[in-house]
>>> print(open('my_file_17.txt').read())   # compact mmCIF, C-alpha atoms
# COMPACT_ATOMS: atom_id res chain seq x y z
CA MET A 1 -24.28 -9.87 -24.40
CA GLN A 2 -25.21 -6.19 -23.95
CA SER A 3 -22.86 -5.83 -20.96
CA THR A 4 -19.98 -7.29 -22.99
CA ALA A 5 -20.63 -4.85 -25.82
CA LEU A 6 -20.78 -1.98 -23.35
CA LEU A 7 -17.44 -2.96 -21.79
CA ARG A 8 -15.84 -3.13 -25.23
CA THR A 9 -17.20 0.30 -26.08
CA LEU A 10 -15.94 1.77 -22.83
CA HIS A 11 -12.52 0.20 -23.37
CA PHE A 12 -12.38 1.64 -26.89
CA LEU A 13 -13.32 5.12 -25.66
CA ARG A 14 -10.77 4.90 -22.85
CA GLU A 15 -7.98 3.95 -25.24
CA LEU A 16 -9.05 6.67 -27.65
CA TRP A 17 -8.89 9.23 -24.84
CA PHE A 18 -5.37 8.12 -23.93
CA ASP A 19 -4.34 8.33 -27.59
CA LEU A 20 -5.54 11.92 -27.71
CA LEU A 21 -3.71 12.78 -24.50
CA ALA A 22 -0.54 11.19 -25.86
CA LEU A 23 -0.55 13.71 -28.71
CA LEU A 24 -0.22 16.50 -26.17
CA TRP A 25 1.92 14.75 -23.52
CA PRO A 26 4.02 11.91 -24.99
CA THR A 27 4.74 9.20 -22.44
CA SER A 28 5.66 5.54 -22.10
CA CYS A 29 4.57 2.67 -19.86
CA VAL A 30 6.45 2.59 -16.57
CA GLY A 31 6.55 -1.20 -16.78
CA CYS A 32 7.33 -2.22 -20.37
CA GLY A 33 8.09 1.05 -22.14
CA TYR A 34 5.09 0.84 -24.49
CA GLN A 35 4.59 4.25 -26.04
CA ASP A 36 1.72 6.64 -25.23
CA ARG A 37 0.63 5.00 -21.96
CA ASP A 38 1.82 5.69 -18.42
CA LEU A 39 0.74 2.14 -17.63
CA CYS A 40 -0.40 -0.04 -20.53
CA SER A 41 -3.37 -2.40 -20.22
CA SER A 42 -1.19 -5.50 -19.95
CA CYS A 43 0.99 -4.08 -17.19
CA ALA A 44 -2.07 -2.73 -15.37
CA CYS A 45 -3.49 -6.26 -15.32
CA VAL A 46 -0.23 -7.55 -13.80
CA VAL A 47 -0.38 -4.89 -11.06
CA ARG A 48 -4.00 -5.71 -10.23
CA GLU A 49 -3.52 -9.49 -10.32
CA VAL A 50 -3.07 -11.06 -6.90
CA PRO A 51 -2.45 -14.78 -6.34
CA GLU A 52 -4.32 -16.61 -3.63
CA VAL A 53 -3.26 -14.96 -0.38
CA HIS A 54 -2.40 -16.97 2.71
CA PRO A 55 -1.39 -15.59 6.10
CA GLU A 56 2.32 -15.68 6.89
CA HIS A 57 3.99 -15.33 10.26
CA LEU A 58 7.17 -13.37 9.59
CA SER A 59 7.68 -12.75 13.29
CA ALA A 60 5.85 -13.16 16.58
CA GLY A 61 2.56 -11.32 16.52
CA PRO A 62 -0.30 -10.99 14.03
CA PRO A 63 -0.30 -12.75 10.64
CA TYR A 64 0.92 -10.92 7.54
CA TYR A 65 -1.11 -10.78 4.33
CA VAL A 66 1.08 -9.72 1.41
CA ALA A 67 0.12 -9.45 -2.26
CA GLY A 68 3.43 -10.58 -3.74
CA ALA A 69 7.06 -9.72 -4.37
CA TYR A 70 8.49 -6.23 -4.70
CA GLU A 71 9.70 -6.71 -8.26
CA GLY A 72 8.91 -6.13 -11.91
CA VAL A 73 6.08 -3.85 -12.98
CA VAL A 74 4.59 -3.80 -9.47
CA ARG A 75 7.84 -2.37 -8.11
CA ASP A 76 8.13 0.13 -10.98
CA THR A 77 4.55 1.31 -10.53
CA LEU A 78 4.86 1.66 -6.76
CA ILE A 79 8.11 3.62 -7.06
CA ALA A 80 6.50 6.01 -9.56
CA PHE A 81 3.44 6.45 -7.33
CA LYS A 82 5.47 6.85 -4.15
CA HIS A 83 8.47 8.89 -5.30
CA ASP A 84 7.55 10.51 -8.64
CA SER A 85 4.07 11.85 -7.76
CA ALA A 86 2.41 9.52 -10.32
CA TYR A 87 -0.90 9.69 -8.48
CA GLY A 88 -2.78 8.09 -11.38
CA PHE A 89 -1.33 4.73 -10.34
CA VAL A 90 -3.39 4.80 -7.14
CA LYS A 91 -6.22 2.87 -8.80
CA PRO A 92 -4.39 -0.27 -9.98
CA LEU A 93 -2.27 -0.37 -6.83
CA GLY A 94 -5.33 0.24 -4.65
CA SER A 95 -7.14 -2.60 -6.40
CA ARG A 96 -4.22 -4.89 -5.65
CA LEU A 97 -4.29 -3.89 -1.99
CA GLY A 98 -8.05 -4.38 -1.78
CA ARG A 99 -7.89 -8.08 -2.54
CA VAL A 100 -5.34 -8.64 0.19
CA LEU A 101 -7.30 -6.50 2.61
CA ARG A 102 -10.40 -8.60 2.02
CA ALA A 103 -8.41 -11.75 2.83
CA ALA A 104 -7.14 -10.21 6.08
CA CYS A 105 -10.69 -9.48 7.20
CA ARG A 106 -11.09 -13.20 7.88
CA GLU A 107 -9.19 -12.58 11.12
CA ALA A 108 -11.86 -10.16 12.37
CA GLY A 109 -14.48 -10.86 14.98
CA ALA A 110 -18.12 -9.81 14.81
CA ASP A 111 -17.39 -6.09 14.41
CA PRO A 112 -15.47 -4.67 11.44
CA PRO A 113 -11.86 -3.83 12.37
CA LEU A 114 -10.32 -0.39 12.03
CA LEU A 115 -7.66 0.31 9.42
CA VAL A 116 -4.45 1.98 10.58
CA THR A 117 -1.65 2.89 8.19
CA VAL A 118 2.04 3.09 9.02
CA PRO A 119 2.86 6.81 8.77
CA SER A 120 5.49 8.40 6.54
CA ARG A 121 7.77 11.14 7.79
CA PRO A 122 6.11 14.58 7.49
CA ALA A 123 8.80 15.81 5.10
CA ARG A 124 8.08 12.92 2.74
CA VAL A 125 4.34 13.60 2.86
CA ARG A 126 4.92 17.25 2.04
CA SER A 127 7.22 16.46 -0.88
CA ARG A 128 4.86 13.80 -2.21
CA GLY A 129 1.72 15.85 -1.72
CA TYR A 130 -0.33 12.99 -0.27
CA ARG A 131 -0.23 10.16 2.25
CA HIS A 132 0.38 7.39 -0.23
CA VAL A 133 -0.72 4.40 1.88
CA ASP A 134 -3.88 6.22 3.01
CA ALA A 135 -4.72 6.90 -0.65
CA LEU A 136 -4.26 3.23 -1.53
CA VAL A 137 -6.44 2.14 1.40
CA ARG A 138 -9.29 4.43 0.34
CA VAL A 139 -9.27 2.96 -3.18
CA ALA A 140 -9.03 -0.58 -1.78
CA VAL A 141 -12.00 -0.14 0.55
CA ARG A 142 -14.11 1.44 -2.18
CA ARG A 143 -13.29 -1.17 -4.83
CA GLU A 144 -13.94 -4.10 -2.52
CA ARG A 145 -16.92 -2.43 -0.80
CA LEU A 146 -15.50 -3.20 2.61
CA PRO A 147 -17.24 -1.73 5.69
CA LEU A 148 -13.96 -0.52 7.17
CA ASP A 149 -12.95 2.86 8.57
CA LEU A 150 -9.48 4.36 8.19
CA VAL A 151 -8.24 6.06 11.37
CA ASN A 152 -5.09 8.18 11.51
CA VAL A 153 -3.74 7.34 14.97
CA LEU A 154 -0.01 6.80 14.42
CA ARG A 155 2.58 9.55 14.15
CA VAL A 156 6.30 9.63 13.49
CA LEU A 157 8.51 11.00 16.24
CA ARG A 158 11.23 13.57 15.59
CA GLY A 159 14.52 12.08 14.48
CA ARG A 160 13.04 9.30 12.35
CA THR A 161 14.91 8.69 9.10
CA GLY A 162 14.32 6.44 6.10
CA GLN A 163 14.89 2.71 6.66
CA VAL A 164 16.66 2.06 3.37
CA GLY A 165 20.37 1.41 3.81
CA LEU A 166 20.27 0.86 7.59
CA ASP A 167 21.61 -2.31 9.20
CA ALA A 168 19.30 -4.51 11.29
CA GLU A 169 20.10 -2.87 14.63
CA SER A 170 19.68 0.64 13.21
CA ARG A 171 16.39 -0.34 11.58
CA GLU A 172 14.99 -1.56 14.88
CA ARG A 173 16.06 1.61 16.69
CA ASN A 174 14.80 3.91 13.94
CA ALA A 175 11.48 2.06 13.59
CA ARG A 176 10.65 2.65 17.24
CA ARG A 177 10.35 6.38 16.63
CA VAL A 178 6.58 6.08 16.27
CA ALA A 179 3.76 6.80 18.72
CA VAL A 180 -0.02 6.87 18.96
CA ARG A 181 -1.93 10.14 18.97
CA LYS A 182 -3.77 11.14 22.13
CA ARG A 183 -7.18 10.51 20.62
CA ALA A 184 -6.24 6.83 20.17
CA THR A 185 -7.18 6.18 23.80
CA LYS A 186 -10.83 6.30 22.70
CA LEU A 187 -10.20 3.27 20.49
CA ALA A 188 -9.07 0.92 23.27
CA GLY A 189 -10.56 -2.53 22.79
CA ARG A 190 -10.97 -2.22 19.02
CA GLU A 191 -9.52 -4.67 16.52
CA VAL A 192 -7.08 -3.17 14.02
CA ILE A 193 -5.59 -4.14 10.66
CA LEU A 194 -2.23 -2.42 10.15
CA VAL A 195 -1.47 -1.46 6.53
CA ASP A 196 1.76 -0.53 4.76
CA ASP A 197 3.16 -0.73 1.26
CA ILE A 198 6.32 -2.85 1.41
CA VAL A 199 7.29 -5.57 3.88
CA THR A 200 11.02 -5.75 4.63
CA THR A 201 12.61 -6.81 8.02
CA GLY A 202 9.53 -6.47 10.21
CA ALA A 203 11.01 -3.65 12.29
CA THR A 204 8.50 -0.96 11.34
CA THR A 205 5.34 -3.00 11.68
CA ARG A 206 6.54 -4.62 14.91
CA ALA A 207 7.08 -1.18 16.41
CA ALA A 208 3.69 0.04 15.19
CA CYS A 209 1.94 -3.06 16.55
CA GLU A 210 3.58 -2.59 19.94
CA VAL A 211 2.43 1.00 20.39
CA LEU A 212 -1.09 0.16 19.17
CA GLU A 213 -1.33 -2.77 21.57
CA ALA A 214 0.02 -0.60 24.40
CA ALA A 215 -2.82 1.86 23.69
CA GLY A 216 -5.36 -0.93 24.16
CA MET A 217 -6.04 -1.90 20.55
CA ARG A 218 -5.60 -5.44 19.20
CA VAL A 219 -3.78 -5.81 15.89
CA ILE A 220 -5.32 -8.83 14.17
CA ALA A 221 -3.40 -8.65 10.87
CA VAL A 222 -0.75 -6.76 8.93
CA VAL A 223 -1.42 -6.07 5.24
CA ALA A 224 1.08 -4.97 2.58
CA LEU A 225 1.30 -4.70 -1.19
CA CYS A 226 4.72 -6.34 -1.49
CA HIS A 227 7.50 -8.10 0.34
CA ALA A 228 11.09 -7.14 -0.42
CA VAL A 229 14.38 -8.94 0.13
CA ARG A 230 17.30 -6.93 1.45
CA LYS A 231 20.43 -7.05 -0.67
CA ASP A 232 22.45 -8.22 2.33
CA SER A 233 20.00 -10.93 3.38
CA SER A 234 18.08 -13.86 1.94
CA GLN A 235 15.29 -13.26 4.43
CA LYS A 236 12.03 -11.48 3.80
CA THR A 237 12.09 -8.01 5.19
CA GLN A 238 9.44 -5.56 6.28
CA VAL A 239 8.21 -2.08 5.52
CA GLU A 240 10.42 0.15 3.48
CA GLU A 241 10.10 3.91 4.15
>>> encode(input="my_file_17.txt", output="structure tokens")
Amino acid sequence: MQSTALLRTLHFLRELWFDLLALLWPTSCVGCGYQDRDLCSSCACVVREVPEVHPEHLSAGPPYYVAGAYEGVVRDTLIAFKHDSAYGFVKPLGSRLGRVLRAACREAGADPPLLVTVPSRPARVRSRGYRHVDALVRVAVRRERLPLDLVNVLRVLRGRTGQVGLDAESRERNARRVAVRKRATKLAGREVILVDDIVTTGATTRAACEVLEAAGMRVIAVVALCHAVRKDSSQKTQVEE
């Protein structure tokens, strides 16, 4: 009873704080347009909500664990976080990722796996101001209290461009412009969960898995927030840059 009353009080104070902020910086919900909230409570619940997650095999290799479709308020929130520097959305999106990450841990052996994120191009990181997938992973691990370490071992090679708009052949060629850092040799033999935001054709994660495996690591699962469908295909696709 006391805990319920405390939660109600905290919710009231939180909403009051947002009301006060809205007087200074008018805004609207990125999902439904509700006034005075960047992300209203109802839309935040939709972003955090994850259906029961089952492994999918989109291609040869490790199973994919994906939280749902790249559509609706989840898509709107991710776009704002990824392209409009709406860093405040890291918490609901990170919570969504955490539930999928926990499910993927079922693939692990006795030792906790390492977490490796698919890297963005340096120019995109500079313009954004943060590594968006790394930020989501940190929230996910903290919220779910997972004993997992994030290691930054992948890097983008010069000449890599965005995947959006490329045909299948160009996607495959572009996706292969990724490599492991020299220090990754110390991680040979370790199990890895590869993490990205959006699953599209499979080109990017396949390329990342190949270079990680070549460096001696074993990718046991791929985790993503969403799966997208290309406009020119009815098939699920893989990670969108």
>>> residues_around(input="my_file_17.txt", residues="Asp84 (chain A)", least_positions_apart="6", cutoff="10 Å", atoms="all atoms listed in the file", output="list in words")
Thr77, Leu78, Ser127 and Arg128 of chain A
>>> closest_residue(input="my_file_17.txt", among="A:Tyr87, A:Tyr34, A:Tyr70, A:Tyr65", to="Cys226 (chain A)", atoms="only C-alpha atoms")
A:Tyr70
>>> residues_around(input="my_file_17.txt", residues="Asp76 (chain A)", least_positions_apart="4", cutoff="10 Å", atoms="all atoms listed in the file", output="number ranges by chain")
A: 29-32, 47, 70-72, 80-82
>>> closest_residue(input="my_file_17.txt", among="A:Leu58, A:Leu101, A:Ala123, A:Ala44", to="Ala224 (chain A)", atoms="only C-alpha atoms")
A:Leu101
>>> residues_around(input="my_file_17.txt", residues="Ala207 (chain A)", least_positions_apart="2", cutoff="9 Å", atoms="all atoms listed in the file", output="ChimeraX atom specification")
/A:172,175-179,202-205,209-212
>>> atom_distance(input="my_file_17.txt", atom1="CA of Thr117 (chain A)", atom2="CA of Val195 (chain A)")
4.7 Å
>>> closest_atom_pairs(input="my_file_17.txt", of="region 60-92 of chain A", to="region 105-115 of chain A", cutoff="12 Å", atoms="all atoms listed in the file", output="CSV")
residue,atom,partner,partner_atom,distance
A:Pro62,CA,A:Glu107,CA,9.5
A:Pro63,CA,A:Glu107,CA,8.9
A:Tyr64,CA,A:Glu107,CA,10.9
A:Tyr65,CA,A:Cys105,CA,10.1
>>> residues_around(input="my_file_17.txt", residues="region 187-193 of chain A", least_positions_apart="6", cutoff="7 Å", atoms="all atoms listed in the file", output="PyMOL selection string")
chain A and resi 113-116+215-222
>>> atom_distance(input="my_file_17.txt", atom1="CA of Ala67 (chain A)", atom2="CA of Val50 (chain A)")
5.9 Å
>>> atom_distance(input="my_file_17.txt", atom1="CA of Arg48 (chain A)", atom2="CA of Leu136 (chain A)")
12.5 Å
>>> closest_residue(input="my_file_17.txt", among="A:Leu39, A:Val141, A:Ala69, A:Val153", to="Ile198 (chain A)", atoms="only C-alpha atoms")
A:Ala69
>>> closest_residue(input="my_file_17.txt", among="A:His227, A:His132, A:Arg145, A:Arg102", to="Gly88 (chain A)", atoms="all atoms listed in the file")
A:His132
>>> closest_residue(input="my_file_17.txt", among="A:Arg37, A:Arg181, A:Arg206, A:Arg99", to="Ala140 (chain A)", atoms="all atoms listed in the file")
A:Arg99
